[in-house]
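Notes follow once the structure below has been shown.
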Number of protein chains: 2
Amino acid sequence: MIKQPEFSEEPWSVRETGLDLGQLAQTESVFALSNGHVGWRGNLDEGEPHGLPGTYLNGVYEVRPLPVGEFAYGRPEFEQAVINVTNGRLIRLFVDDEPFDVRYGKLLSHERVLDFRAGTLSRQAEWTSPVGGSVRVRSTRLVSFTHRAVAAICYDVEPIEAGLQIALQSQLVANEQLPPPPATDPRAAVVLEHPLVEEYRGRHGEAVVLVHKTRQSGLRVAAAMDHIIDAPAGTRVESQLFQDGGLVAVSVALRPGQRLRVVKFVGYGWSSQRSLNAVRDQVWAALTSAQQAGWEGLRAAQRAYLDDFWSRADVEVHGDVHIQQAVRFGLFHVLQAGVRGESRPIPAKGLTGPGYHGHAFWDAETFVLPVLTLTAPDAAASALRWRHATLPAAQRRAAELGLQGAAFPWRTIAGDECSGYWPAGTAAFHVNADIAAAVTRYVDATADEEFARAEGMELLVNTARLWRSLGHHDGLGRFHIDGVTGPDEYSAIADDNVYTNLMAQHNLRAAANAAEKYPDQARKLRVDPEEAAAWRDAAQAMFVPFDEALGVHPQSAAFTRHQVWDFAGTPPDRYPLLLHYPYFDLYRKQVVKQADLVLAMQLCGEAFTPEQKRRNFDYYEALTVRDSSLSACTQAVIAAEVGHLALAFDYLGEAALMDLDDLEHNTRDGVHVASLAGTWIALVWGFGGLRHSGQTVSFAPRLPDGITRLAFTVMIRGRRLRVGITHVAARYLLADGDPLDIEHHGERLRLSAGEEQERPIPVLVPQRRPGQPTGREPARRPTRARTA
Amino acid sequence: MIKQPEFSEEPWSVRETGLDLGQLAQTESVFALSNGHVGWRGNLDEGEPHGLPGTYLNGVYEVRPLPVGEFAYGRPEFEQAVINVTNGRLIRLFVDDEPFDVRYGKLLSHERVLDFRAGTLSRQAEWTSPVGGSVRVRSTRLVSFTHRAVAAICYDVEPIEAGLQIALQSQLVANEQLPPPPATDPRAAVVLEHPLVEEYRGRHGEAVVLVHKTRQSGLRVAAAMDHIIDAPAGTRVESQLFQDGGLVAVSVALRPGQRLRVVKFVGYGWSSQRSLNAVRDQVWAALTSAQQAGWEGLRAAQRAYLDDFWSRADVEVHGDVHIQQAVRFGLFHVLQAGVRGESRPIPAKGLTGPGYHGHAFWDAETFVLPVLTLTAPDAAASALRWRHATLPAAQRRAAELGLQGAAFPWRTIAGDECSGYWPAGTAAFHVNADIAAAVTRYVDATADEEFARAEGMELLVNTARLWRSLGHHDGLGRFHIDGVTGPDEYSAIADDNVYTNLMAQHNLRAAANAAEKYPDQARKLRVDPEEAAAWRDAAQAMFVPFDEALGVHPQSAAFTRHQVWDFAGTPPDRYPLLLHYPYFDLYRKQVVKQADLVLAMQLCGEAFTPEQKRRNFDYYEALTVRDSSLSACTQAVIAAEVGHLALAFDYLGEAALMDLDDLEHNTRDGVHVASLAGTWIALVWGFGGLRHSGQTVSFAPRLPDGITRLAFTVMIRGRRLRVGITHVAARYLLADGDPLDIEHHGERLRLSAGEEQERPIPVLVPQRRPGQPTGREPARRPTRARTA
């Protein structure tokens, strides 16, 4: 075992200079590669040791029964759970017949680098085998953004001093044995043993193909590998097949200065419908195309793809290289999770691990899509098309629940509700308004009329119908939504959740507006003027509770009247509270797991006065324990808005380092894609003060002491808008396209392409920093920068 | 198949004059015999056909995992479930080698009679076998009230015309095969296959003994049988043993006029601790004592026991023989469920079936104990001693939930929480106040100082501590209990449930009073004056919401503001609603499964003005669907109190006929003990207008048109008080003991033993009958009687 590794702080990569076997599972998530279609965890090439081996295909899942104690109408009987599919990463190496295994012999050096611009994970290791031979191994792998069915590895071995006998097995194996998951953490994965049934195995030259099928969900999965072997003369190559696997074996005697290079191409494909032959031939074709591009070709295309992305999406943070690294790390993983899914979901963990059973939640629309919408809008559209594709399931679910329109699932892979705990699942109807908000946000930012008229409008109409049937008017004509659960999972089944009501209000109005704008489509969806009017009326009559005595909004009706959680009496080791206290106790008290009312202030800011925002923020700061990774970024945004810049900076640090520092101790199951997106949100919405809705794009930039300069690019209706912020001024440059109107701290500016405008940052009145629950203060982020 | 049977209406028995095989499971429950310790379902002697074979020992259960979809802190991982133990009823009969099976051959006649005074189930059948021989079979069985470990059967066979070869096997068998339960009804049983592991089998003469043990719960169960065989000369008797069973075989050739009589004694015993030999010898001893009493001795003792009971407990209903029958049927089953348990629970189904997994709920204290307290007070004390015995488990549960004192389980057999659905289990904390109320009700009615000082006080103190820690004061000094579930299972997790708050108020005061009365005991329980004062303060500050606009009490905070359920749009086949609508929808709307606020008006009547009672009753009538059997009797009581006598009479009919008419279609799983007790409650609390608390016993009698005279006896502090009511007057006769003060419609009377007093019934102002939800009106009970 080498010394405890630390990721070095670099602006464009994550570098690990040692190897801590106790941290393997975490690093496998951090170093995971994905293109939204294929996901490879950052397992060592040789397979073992491992934290958790993982290969995922977006949309490939198995169905398993959701165990039930007591029957309840409308409770799902089955769930979909992601499975570990065929592993194509495996390259076993034998040095003088000794297996290369870092647990044995002597590891002289070990370094891994995830490069955000190259889009590769590279590794270099020097190792002496138990019997004395020393080798240098270099590998570089990528999951191709340009060839979505392809991943590839370039693997080099060379002797360090003396000549060696080298044997190498490049493998393709299904149904790997998996370590058991922790039993008592609801956030962890389930393990499905042997999920795949072999249908076909074949080989051809140095290529192997395997076709399997899942038992219950009936999905057919094909994987294939092919190789280019560059080795000294006398190298022997042969291949073989076995149950659930195949391998290509290379054996060679290497003299000092000689090298064995194996380039491995891996192709994946799956289908719920196509025949064995069709799916098999599809992966052969992927390999053919990969062979044609070659390793250098794939690598060059990967870099070009990322160059383009960073030109649209990069965020520069001066003064704090760790945050600089983190925001790019976050954007890289958001991109990995969100592009090339091609109408597949963006799971909470992307394709980096099996956490949350591979399910997608509301956080895709609420945290991930806001980033993609302004940096990779096509990926945002693709994710929304996936939601649209699940509309039939959501309509069935609404009907099952006795409601109109569509009720989208709380957690799912293919569209069916997979939550067995309804108070925090079914009752969290806000997911529907979150989807609607993602639709309008995307349409506002892109002016994508085709999407707006088709998928967008259908999503808005169906969710508006849900809200109209879910809510009701009281005797005074006020519209209420009762018995629902907002974002905060430490409250549930409450009346008039402010977040839900405001988001539903937006949803109802957006649907009415769409019906007005696209009358033909409205007719097709059978929206008549009475229905649209009923939506507007309900929106207008929407009740938003306010506690006049305290001068704050209760998160839900009566919330501020409840008992405040005994924070002083809660020891640090009882967090996260959900693992140590029963829901009944959490629900009935004032304790907030994650931003709820504060998120309402971020997403529906116009519904609050500045004074209300300040008072509400202070009030909820004292109650919010952040047992969810979906909180710090929101708190950063509103802290910045109401003027607590140092506090916002601390929250930025928490959101940014969730996975790099494994703050919640569960990065092993995959990275927190939404929290990673939250780093961008905290910077761009928080310190950039960006808000956009309708035709309005506004900024209210203000930097904390820890950042000397912040620069970012966002895509607004096809144009690149570059924003540079210092402590004294902000500069806006529209890189291309027609003129664009924006606001800077309330002042209207018209930007023309190529013409930079600068405006001063208004002076901020210092604010008293609000307190958090005992022991739950965010870590103070040291200010490394000197304020400009 | 014979014609559809109907129970004939008789005052002292239930008689079935045919045999409908489709109704077997229901009749097995109706005809079940039990003494609170041993329960035998009314299966046919020959075992098959059957609806559901069942033999139960109070307290014998198996532990099974409670399946869980998602981890939740504090959720029980295991539940206790009643098991079908060794069957000693089985007598197989062969007529000329043909098995006596009513499905074959020809059933000439079949009659079964459950006799409430004899305490027996008797049966007479005449049958012609498929090959032509005809027999008359007569059997009478009892589960002895006086010998609690003993049940017995007297079984006679005689040829009807021609002589016959008769073979009879009297069996004792464990691990019978059980039919599968319906999958989707949460009220049904679970089936535990082969719950018993054989430890011992032995025989001796005509006796057989079996000892088994449960796998997980480790309970040892012994059963034994012995016989007296009265048969013509030449009868051959032999016994044998086999895996999980033994039998005694009798074969004889009977000429016309000859008879074979087999008297079978069955003994049961079980223990969690004692050795195999000890438990085995205990059942041998039970058989010895049964043999010594003999069949006639057991039968005479049974009748004497019941004569005594009826002299204390009988209710005479003139003018409606069906209600007359039903109230005695109910009292008989309440007695069967409640006596001789000897500190064991009273399960919701008694020992008549496996429904609700054999669990006891709050309804034992709230519906069953009020009846036993005034008719068989020792049985009430015994049931409360069982609760007291589970105090350590309840204290552990409270600690697990972060609360003080004791949190008794929502459903259990041995004291551990067995509910896996916390919103309707853990959150229904009112069970604790229900237990406390049962304690004070028992102590008030019996003046049992020993119990009051010991078990009673400990129960009151521990439940008061729970309430003090569960509730909290708001900024205005009002005491709230938030996030709990009241009796109505169509609402949950609400603030300030009026029933819960009022019952908790009573609980807190009762504990403070007990601490004042028994200072030594208070010291022992570490109750200091500060703690008692805190209880009184919380009780005094208890918040009871009231809707000023509507002039009614909301069931819980905000209840009356919620949307009213769409009753008109709910077809009749969607009841019970819980099988057709999701909880989220039921919880957030105004729809009431069972009396909740109305039960508060019954049990905490002094907290409401007469006007509030009238308005509240009308309001909740329009919302209450009675999908629970625990509602009609409460509605009858308050309907009678506020003057809706005809409606009260209809509700009486519903409560009374729940099982005889199988109104909820689930009598198959056992009778509804609480609803049966409710017949008595509807008559005595309802039309008798009985209320008692502290030293006060009051009556406000008033009869509906359907009853010409109502007479009942109640036990007050060891004295029998006989009450006779007609439409014009009530007579009160204290049968024995010191003088007793009572109230009649508010007028104070002092009764001296043997001196009857008569008072007129005040005239009632006619009231408009309130409406119920569409289609949920109670069946109008025809008025058969002519009003006096």
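By order of appearance in the structure tokens: chains A, B, ..., then residues from 1 within every chain, and ligands from 1 in the order shown.
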* To do: Write out as a PyMOL selection string the residues lying within 8 Å of Arg75 in chain A, counting only C-alpha atoms and excluding same-chain residues fewer than 6 positions away.
  => (chain A and resi 420+422) or (chain B and resi 582)
* Close residues, Glu198 in chain B itself excluded, 12 Å, only C-alpha atoms, min 2 positions apart in chain, as an NGL selection string -> :B and (85-86 or 173-175 or 194-196 or 200-202 or 209-215 or 219-223 or 242-245 or 276)
To test your reading of the structure, identify every residue in range 236-459 of chain B that backbone DSSP assigns to strand (DSSP E or B), and report it as a short mmCIF file (atom, residue, chain, number, x, y, z; two decimals) with all heavy atoms, in the first residue's frame.
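Dumped everything to out28.cif:
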```cif
data_model
loop_
_atom_site.label_atom_id
_atom_site.label_comp_id
_atom_site.auth_asym_id
_atom_site.auth_seq_id
_atom_site.Cartn_x
_atom_site.Cartn_y
_atom_site.Cartn_z
N ARG B 236 -63.00 -52.87 17.42
CA ARG B 236 -61.55 -52.96 17.44
C ARG B 236 -60.97 -51.54 17.51
O ARG B 236 -61.38 -50.65 16.79
CB ARG B 236 -61.11 -53.65 16.15
CG ARG B 236 -59.65 -53.89 16.02
CD ARG B 236 -59.37 -54.41 14.60
NE ARG B 236 -57.97 -54.28 14.30
CZ ARG B 236 -57.06 -55.20 14.60
NH1 ARG B 236 -57.42 -56.34 15.17
NH2 ARG B 236 -55.79 -55.00 14.32
N VAL B 237 -60.02 -51.34 18.41
CA VAL B 237 -59.41 -50.02 18.59
C VAL B 237 -57.90 -50.17 18.49
O VAL B 237 -57.32 -51.08 19.09
CB VAL B 237 -59.77 -49.45 19.98
CG1 VAL B 237 -59.09 -48.08 20.16
CG2 VAL B 237 -61.28 -49.31 20.14
N GLU B 238 -57.28 -49.32 17.73
CA GLU B 238 -55.82 -49.33 17.71
C GLU B 238 -55.31 -47.92 17.43
O GLU B 238 -56.04 -47.06 16.93
CB GLU B 238 -55.29 -50.30 16.66
CG GLU B 238 -55.80 -50.04 15.27
CD GLU B 238 -55.30 -51.09 14.27
OE1 GLU B 238 -55.21 -52.26 14.68
OE2 GLU B 238 -55.02 -50.72 13.12
N SER B 239 -54.07 -47.70 17.79
CA SER B 239 -53.53 -46.35 17.58
C SER B 239 -52.23 -46.44 16.81
O SER B 239 -51.57 -47.47 16.81
CB SER B 239 -53.30 -45.66 18.93
OG SER B 239 -52.31 -46.33 19.66
N GLN B 240 -51.86 -45.38 16.16
CA GLN B 240 -50.58 -45.34 15.47
C GLN B 240 -50.07 -43.91 15.41
O GLN B 240 -50.81 -42.94 15.58
CB GLN B 240 -50.68 -45.94 14.08
CG GLN B 240 -51.77 -45.36 13.22
CD GLN B 240 -51.71 -45.90 11.79
OE1 GLN B 240 -50.88 -45.46 11.01
NE2 GLN B 240 -52.59 -46.83 11.48
N LEU B 241 -48.79 -43.80 15.16
CA LEU B 241 -48.12 -42.50 15.05
C LEU B 241 -47.52 -42.36 13.66
O LEU B 241 -47.16 -43.35 13.04
CB LEU B 241 -46.99 -42.39 16.08
CG LEU B 241 -47.38 -42.48 17.55
CD1 LEU B 241 -46.14 -42.53 18.42
CD2 LEU B 241 -48.25 -41.30 17.94
N PHE B 242 -47.41 -41.15 13.20
CA PHE B 242 -46.72 -40.89 11.94
C PHE B 242 -46.12 -39.49 12.02
O PHE B 242 -46.37 -38.76 13.00
CB PHE B 242 -47.67 -41.04 10.75
CG PHE B 242 -49.01 -40.36 10.93
CD1 PHE B 242 -49.19 -39.02 10.58
CD2 PHE B 242 -50.10 -41.07 11.48
CE1 PHE B 242 -50.42 -38.41 10.76
CE2 PHE B 242 -51.33 -40.44 11.65
CZ PHE B 242 -51.49 -39.11 11.30
N GLY B 245 -48.06 -36.48 13.36
CA GLY B 245 -49.42 -36.86 13.69
C GLY B 245 -49.54 -38.22 14.36
O GLY B 245 -48.58 -38.97 14.51
N GLY B 246 -50.77 -38.45 14.79
CA GLY B 246 -51.10 -39.74 15.36
C GLY B 246 -52.60 -39.95 15.22
O GLY B 246 -53.35 -39.00 14.99
N LEU B 247 -53.04 -41.19 15.30
CA LEU B 247 -54.47 -41.43 15.21
C LEU B 247 -54.86 -42.63 16.07
O LEU B 247 -54.03 -43.49 16.37
CB LEU B 247 -54.92 -41.62 13.76
CG LEU B 247 -54.41 -42.79 12.94
CD1 LEU B 247 -55.14 -44.11 13.26
CD2 LEU B 247 -54.64 -42.47 11.45
N VAL B 248 -56.13 -42.61 16.44
CA VAL B 248 -56.74 -43.75 17.12
C VAL B 248 -57.84 -44.23 16.19
O VAL B 248 -58.73 -43.46 15.82
CB VAL B 248 -57.29 -43.36 18.49
CG1 VAL B 248 -58.14 -44.49 19.08
CG2 VAL B 248 -56.15 -43.01 19.43
N ALA B 249 -57.74 -45.50 15.77
CA ALA B 249 -58.70 -46.04 14.80
C ALA B 249 -59.67 -46.96 15.52
O ALA B 249 -59.28 -47.78 16.35
CB ALA B 249 -57.95 -46.78 13.71
N VAL B 250 -60.95 -46.80 15.19
CA VAL B 250 -62.01 -47.63 15.77
C VAL B 250 -62.74 -48.27 14.61
O VAL B 250 -63.14 -47.58 13.67
CB VAL B 250 -63.00 -46.75 16.57
CG1 VAL B 250 -64.08 -47.61 17.21
CG2 VAL B 250 -62.26 -45.93 17.62
N SER B 251 -62.93 -49.61 14.65
CA SER B 251 -63.75 -50.19 13.60
C SER B 251 -64.78 -51.12 14.25
O SER B 251 -64.50 -51.81 15.23
CB SER B 251 -62.90 -50.91 12.56
OG SER B 251 -62.16 -51.92 13.17
N VAL B 252 -65.97 -51.02 13.68
CA VAL B 252 -67.09 -51.73 14.30
C VAL B 252 -68.17 -51.96 13.25
O VAL B 252 -68.35 -51.14 12.35
CB VAL B 252 -67.65 -50.90 15.50
CG1 VAL B 252 -68.11 -49.54 15.05
CG2 VAL B 252 -68.77 -51.65 16.22
N ALA B 253 -68.87 -53.08 13.37
CA ALA B 253 -70.06 -53.30 12.54
C ALA B 253 -71.27 -52.92 13.38
O ALA B 253 -71.47 -53.44 14.47
CB ALA B 253 -70.15 -54.77 12.14
N LEU B 254 -72.02 -51.89 12.88
CA LEU B 254 -73.18 -51.42 13.65
C LEU B 254 -74.46 -51.94 13.01
O LEU B 254 -74.68 -51.79 11.81
CB LEU B 254 -73.22 -49.89 13.66
CG LEU B 254 -72.17 -49.14 14.49
CD1 LEU B 254 -72.43 -47.64 14.39
CD2 LEU B 254 -72.19 -49.59 15.95
N LEU B 260 -72.14 -45.95 17.86
CA LEU B 260 -70.75 -45.80 18.29
C LEU B 260 -70.59 -44.40 18.86
O LEU B 260 -70.94 -43.41 18.20
CB LEU B 260 -69.80 -45.98 17.11
CG LEU B 260 -68.34 -45.55 17.36
CD1 LEU B 260 -67.68 -46.41 18.44
CD2 LEU B 260 -67.54 -45.60 16.06
N ARG B 261 -70.13 -44.31 20.09
CA ARG B 261 -69.85 -42.99 20.67
C ARG B 261 -68.38 -42.90 21.00
O ARG B 261 -67.84 -43.76 21.69
CB ARG B 261 -70.69 -42.75 21.91
CG ARG B 261 -70.15 -41.59 22.77
CD ARG B 261 -71.08 -41.14 23.86
NE ARG B 261 -72.24 -40.46 23.30
CZ ARG B 261 -73.14 -39.78 24.04
NH1 ARG B 261 -73.02 -39.72 25.36
NH2 ARG B 261 -74.17 -39.20 23.47
N VAL B 262 -67.78 -41.85 20.49
CA VAL B 262 -66.39 -41.56 20.84
C VAL B 262 -66.34 -40.21 21.52
O VAL B 262 -66.77 -39.20 20.93
CB VAL B 262 -65.48 -41.55 19.58
CG1 VAL B 262 -64.06 -41.13 19.95
CG2 VAL B 262 -65.49 -42.92 18.92
N VAL B 263 -65.91 -40.20 22.76
CA VAL B 263 -65.65 -38.92 23.43
C VAL B 263 -64.16 -38.66 23.34
O VAL B 263 -63.34 -39.52 23.69
CB VAL B 263 -66.12 -38.96 24.90
CG1 VAL B 263 -65.67 -37.68 25.61
CG2 VAL B 263 -67.62 -39.11 24.97
N LYS B 264 -63.84 -37.50 22.80
CA LYS B 264 -62.43 -37.16 22.55
C LYS B 264 -62.05 -35.95 23.41
O LYS B 264 -62.70 -34.91 23.36
CB LYS B 264 -62.26 -36.81 21.06
CG LYS B 264 -60.85 -36.42 20.65
CD LYS B 264 -60.80 -36.17 19.14
CE LYS B 264 -59.38 -36.03 18.63
NZ LYS B 264 -59.37 -35.90 17.15
N PHE B 265 -61.02 -36.14 24.20
CA PHE B 265 -60.49 -35.02 24.99
C PHE B 265 -59.19 -34.56 24.34
O PHE B 265 -58.33 -35.39 23.99
CB PHE B 265 -60.20 -35.45 26.43
CG PHE B 265 -61.41 -35.99 27.14
CD1 PHE B 265 -61.54 -37.36 27.40
CD2 PHE B 265 -62.42 -35.13 27.56
CE1 PHE B 265 -62.65 -37.85 28.06
CE2 PHE B 265 -63.54 -35.63 28.22
CZ PHE B 265 -63.65 -36.99 28.47
N VAL B 266 -59.04 -33.27 24.19
CA VAL B 266 -57.82 -32.72 23.58
C VAL B 266 -57.21 -31.72 24.56
O VAL B 266 -57.93 -30.87 25.10
CB VAL B 266 -58.13 -32.04 22.24
CG1 VAL B 266 -56.83 -31.58 21.57
CG2 VAL B 266 -58.88 -32.99 21.32
N GLY B 267 -55.94 -31.88 24.79
CA GLY B 267 -55.25 -30.96 25.70
C GLY B 267 -54.16 -30.20 24.95
O GLY B 267 -53.53 -30.73 24.03
N TYR B 268 -53.97 -28.92 25.33
CA TYR B 268 -52.96 -28.08 24.68
C TYR B 268 -52.08 -27.40 25.72
O TYR B 268 -52.57 -27.05 26.81
CB TYR B 268 -53.62 -26.97 23.85
CG TYR B 268 -54.25 -27.46 22.58
CD1 TYR B 268 -55.62 -27.70 22.52
CD2 TYR B 268 -53.48 -27.66 21.45
CE1 TYR B 268 -56.21 -28.14 21.34
CE2 TYR B 268 -54.07 -28.10 20.27
CZ TYR B 268 -55.43 -28.34 20.22
OH TYR B 268 -56.00 -28.77 19.07
N GLY B 269 -50.85 -27.21 25.37
CA GLY B 269 -49.97 -26.42 26.21
C GLY B 269 -48.85 -25.85 25.36
O GLY B 269 -48.51 -26.40 24.31
N TRP B 270 -48.30 -24.73 25.80
CA TRP B 270 -47.14 -24.20 25.07
C TRP B 270 -46.29 -23.38 26.01
O TRP B 270 -46.75 -22.93 27.06
CB TRP B 270 -47.56 -23.37 23.85
CG TRP B 270 -48.20 -22.05 24.17
CD1 TRP B 270 -49.51 -21.82 24.37
CD2 TRP B 270 -47.54 -20.79 24.30
NE1 TRP B 270 -49.73 -20.49 24.63
CE2 TRP B 270 -48.53 -19.83 24.58
CE3 TRP B 270 -46.21 -20.37 24.20
CZ2 TRP B 270 -48.25 -18.49 24.78
CZ3 TRP B 270 -45.92 -19.03 24.40
CH2 TRP B 270 -46.93 -18.10 24.68
N SER B 271 -45.05 -23.20 25.62
CA SER B 271 -44.16 -22.41 26.45
C SER B 271 -42.98 -21.94 25.60
O SER B 271 -42.57 -22.60 24.66
CB SER B 271 -43.64 -23.25 27.61
OG SER B 271 -42.67 -22.52 28.34
N VAL B 315 -78.11 -8.98 27.83
CA VAL B 315 -78.86 -7.85 27.31
C VAL B 315 -80.12 -8.40 26.67
O VAL B 315 -80.05 -9.26 25.80
CB VAL B 315 -78.04 -7.07 26.26
CG1 VAL B 315 -78.86 -5.92 25.69
CG2 VAL B 315 -76.74 -6.57 26.86
N GLU B 316 -81.27 -7.94 27.14
CA GLU B 316 -82.53 -8.36 26.53
C GLU B 316 -83.00 -7.28 25.57
O GLU B 316 -83.09 -6.11 25.95
CB GLU B 316 -83.60 -8.54 27.60
CG GLU B 316 -83.45 -9.79 28.45
CD GLU B 316 -84.54 -9.81 29.52
OE1 GLU B 316 -85.72 -9.61 29.18
OE2 GLU B 316 -84.16 -9.96 30.70
N VAL B 317 -83.31 -7.69 24.38
CA VAL B 317 -83.80 -6.76 23.37
C VAL B 317 -85.17 -7.28 22.93
O VAL B 317 -85.26 -8.34 22.32
CB VAL B 317 -82.87 -6.67 22.15
CG1 VAL B 317 -83.40 -5.68 21.13
CG2 VAL B 317 -81.46 -6.31 22.58
N HIS B 318 -86.21 -6.56 23.25
CA HIS B 318 -87.55 -6.97 22.85
C HIS B 318 -87.96 -6.21 21.60
O HIS B 318 -87.68 -5.03 21.47
CB HIS B 318 -88.55 -6.71 23.99
CG HIS B 318 -88.22 -7.52 25.22
ND1 HIS B 318 -88.85 -8.70 25.52
CD2 HIS B 318 -87.30 -7.32 26.19
CE1 HIS B 318 -88.34 -9.20 26.65
NE2 HIS B 318 -87.40 -8.37 27.07
N ALA B 360 -53.18 -8.07 17.79
CA ALA B 360 -54.06 -7.24 18.62
C ALA B 360 -53.77 -5.78 18.29
O ALA B 360 -52.63 -5.41 18.03
CB ALA B 360 -53.80 -7.50 20.09
N THR B 412 -49.53 -6.22 17.17
CA THR B 412 -48.55 -7.10 17.77
C THR B 412 -49.20 -8.37 18.29
O THR B 412 -50.43 -8.46 18.42
CB THR B 412 -47.82 -6.39 18.93
OG1 THR B 412 -46.68 -7.17 19.30
CG2 THR B 412 -48.74 -6.25 20.15
#
```
* To do: Give the residues of chain A that lie within 9 Å of chain B; count only C-alpha atoms, and format the answer as a PyMOL selection string.
  => chain A and resi 65-75+183-187+400-402+419-423+426-427+470-475+480+482-484+492-495+558+561-563+578-585+587-589
* To do: For Thr390 in chain B, please output as a PyMOL selection string all residues within 9 Å (counting only C-alpha atoms; exclusion window: fewer than 6 positions along the same chain).
  => chain B and resi 408+414-416
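Of note, CA of Ala700 in chain B and CA of Pro610 in chain B are spaced 13.4 Å apart.
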* Structure fact -> Using only C-alpha atoms, the residue out of A:Ile707, A:Leu734, A:Val279, A:Leu630 with shortest distance to Ala364 in chain A is A:Leu630
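Across the model, the gap from CA of Thr667 in chain B to CA of Pro347 in chain B is 14.3 Å.
Near Thr463 in chain B, within 7 Å and counting only C-alpha atoms, sit Gly405, Ala406, Asn432, Ala433, Leu459, Leu460, Val461, Arg465, Leu466 and Trp467 of chain B; same-chain residues fewer than 2 positions away were not included.
When the distance limit is 9 Å and only C-alpha atoms are what count, the residues near Pro770 in chain B, minus those fewer than 6 positions from it on the same chain, are Phe617, Asp618, Tyr619, Glu621, Ala622, His644 and Leu647 of chain B.
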* Asked: Can you tell me, as a ChimeraX atom specification, what residues are no more than 8 Å from range 434-444 of chain A when counting only C-alpha atoms, ignoring any on the same chain fewer than 3 positions away?
  -> /A:362,365-366,369-370,373,377,380-381,384,430-431,447-449,451-452,456,459-460,463,503,506-507,510,692-695,717
* **From A:Asp650, A:Pro487, A:Ala655, A:Asp226, residue lying nearest Gln291 in chain A [only C-alpha atoms]** => A:Asp226
Using DSSP on the backbone, list every residue of range 624-747 of chain B that comes out as helix (DSSP H, G or I), and give them as a compact mmCIF listing (two decimals) with C-alpha atoms, in the first residue's frame.
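The resulting file, part.txt, is shown below:
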```
# COMPACT_ATOMS: atom_id res chain seq x y z
CA ALA B 632 -71.11 1.81 12.96
CA CYS B 633 -71.32 1.26 16.72
CA THR B 634 -69.73 4.64 17.46
CA GLN B 635 -72.04 6.35 15.01
CA ALA B 636 -74.95 4.56 16.69
CA VAL B 637 -73.91 5.90 20.09
CA ILE B 638 -73.63 9.53 19.01
CA ALA B 639 -76.64 9.33 16.69
CA ALA B 640 -78.65 8.21 19.72
CA GLU B 641 -77.18 10.91 21.91
CA VAL B 642 -77.98 13.74 19.51
CA LEU B 645 -82.81 7.27 17.02
CA ALA B 646 -83.84 5.66 13.75
CA LEU B 647 -80.37 6.22 12.29
CA ALA B 648 -78.81 4.84 15.46
CA PHE B 649 -80.99 1.76 15.08
CA ASP B 650 -79.73 1.28 11.52
CA TYR B 651 -76.13 1.53 12.70
CA LEU B 652 -76.89 -0.91 15.50
CA GLY B 653 -78.06 -3.34 12.85
CA GLU B 654 -74.85 -2.92 10.88
CA ALA B 655 -72.60 -3.45 13.89
CA ALA B 656 -74.68 -6.38 15.07
CA LEU B 657 -74.77 -8.26 11.77
CA THR B 667 -65.56 -13.04 8.15
CA ARG B 668 -63.73 -15.99 6.59
CA ASP B 669 -60.55 -14.82 8.32
CA VAL B 673 -64.48 -9.06 17.87
CA ALA B 674 -64.54 -5.30 18.28
CA SER B 675 -67.59 -4.89 16.06
CA LEU B 676 -69.34 -7.66 17.98
CA ALA B 677 -68.54 -5.78 21.16
CA GLY B 678 -69.93 -2.78 19.35
CA THR B 679 -73.40 -4.32 19.34
CA TRP B 680 -73.37 -4.10 23.12
CA ILE B 681 -71.90 -0.59 22.95
CA ALA B 682 -74.58 0.57 20.51
CA LEU B 683 -77.31 -0.80 22.79
CA VAL B 684 -75.95 0.08 26.23
CA TRP B 685 -74.01 3.30 25.47
CA GLY B 686 -76.31 4.19 22.61
CA PHE B 687 -79.91 3.50 23.63
```
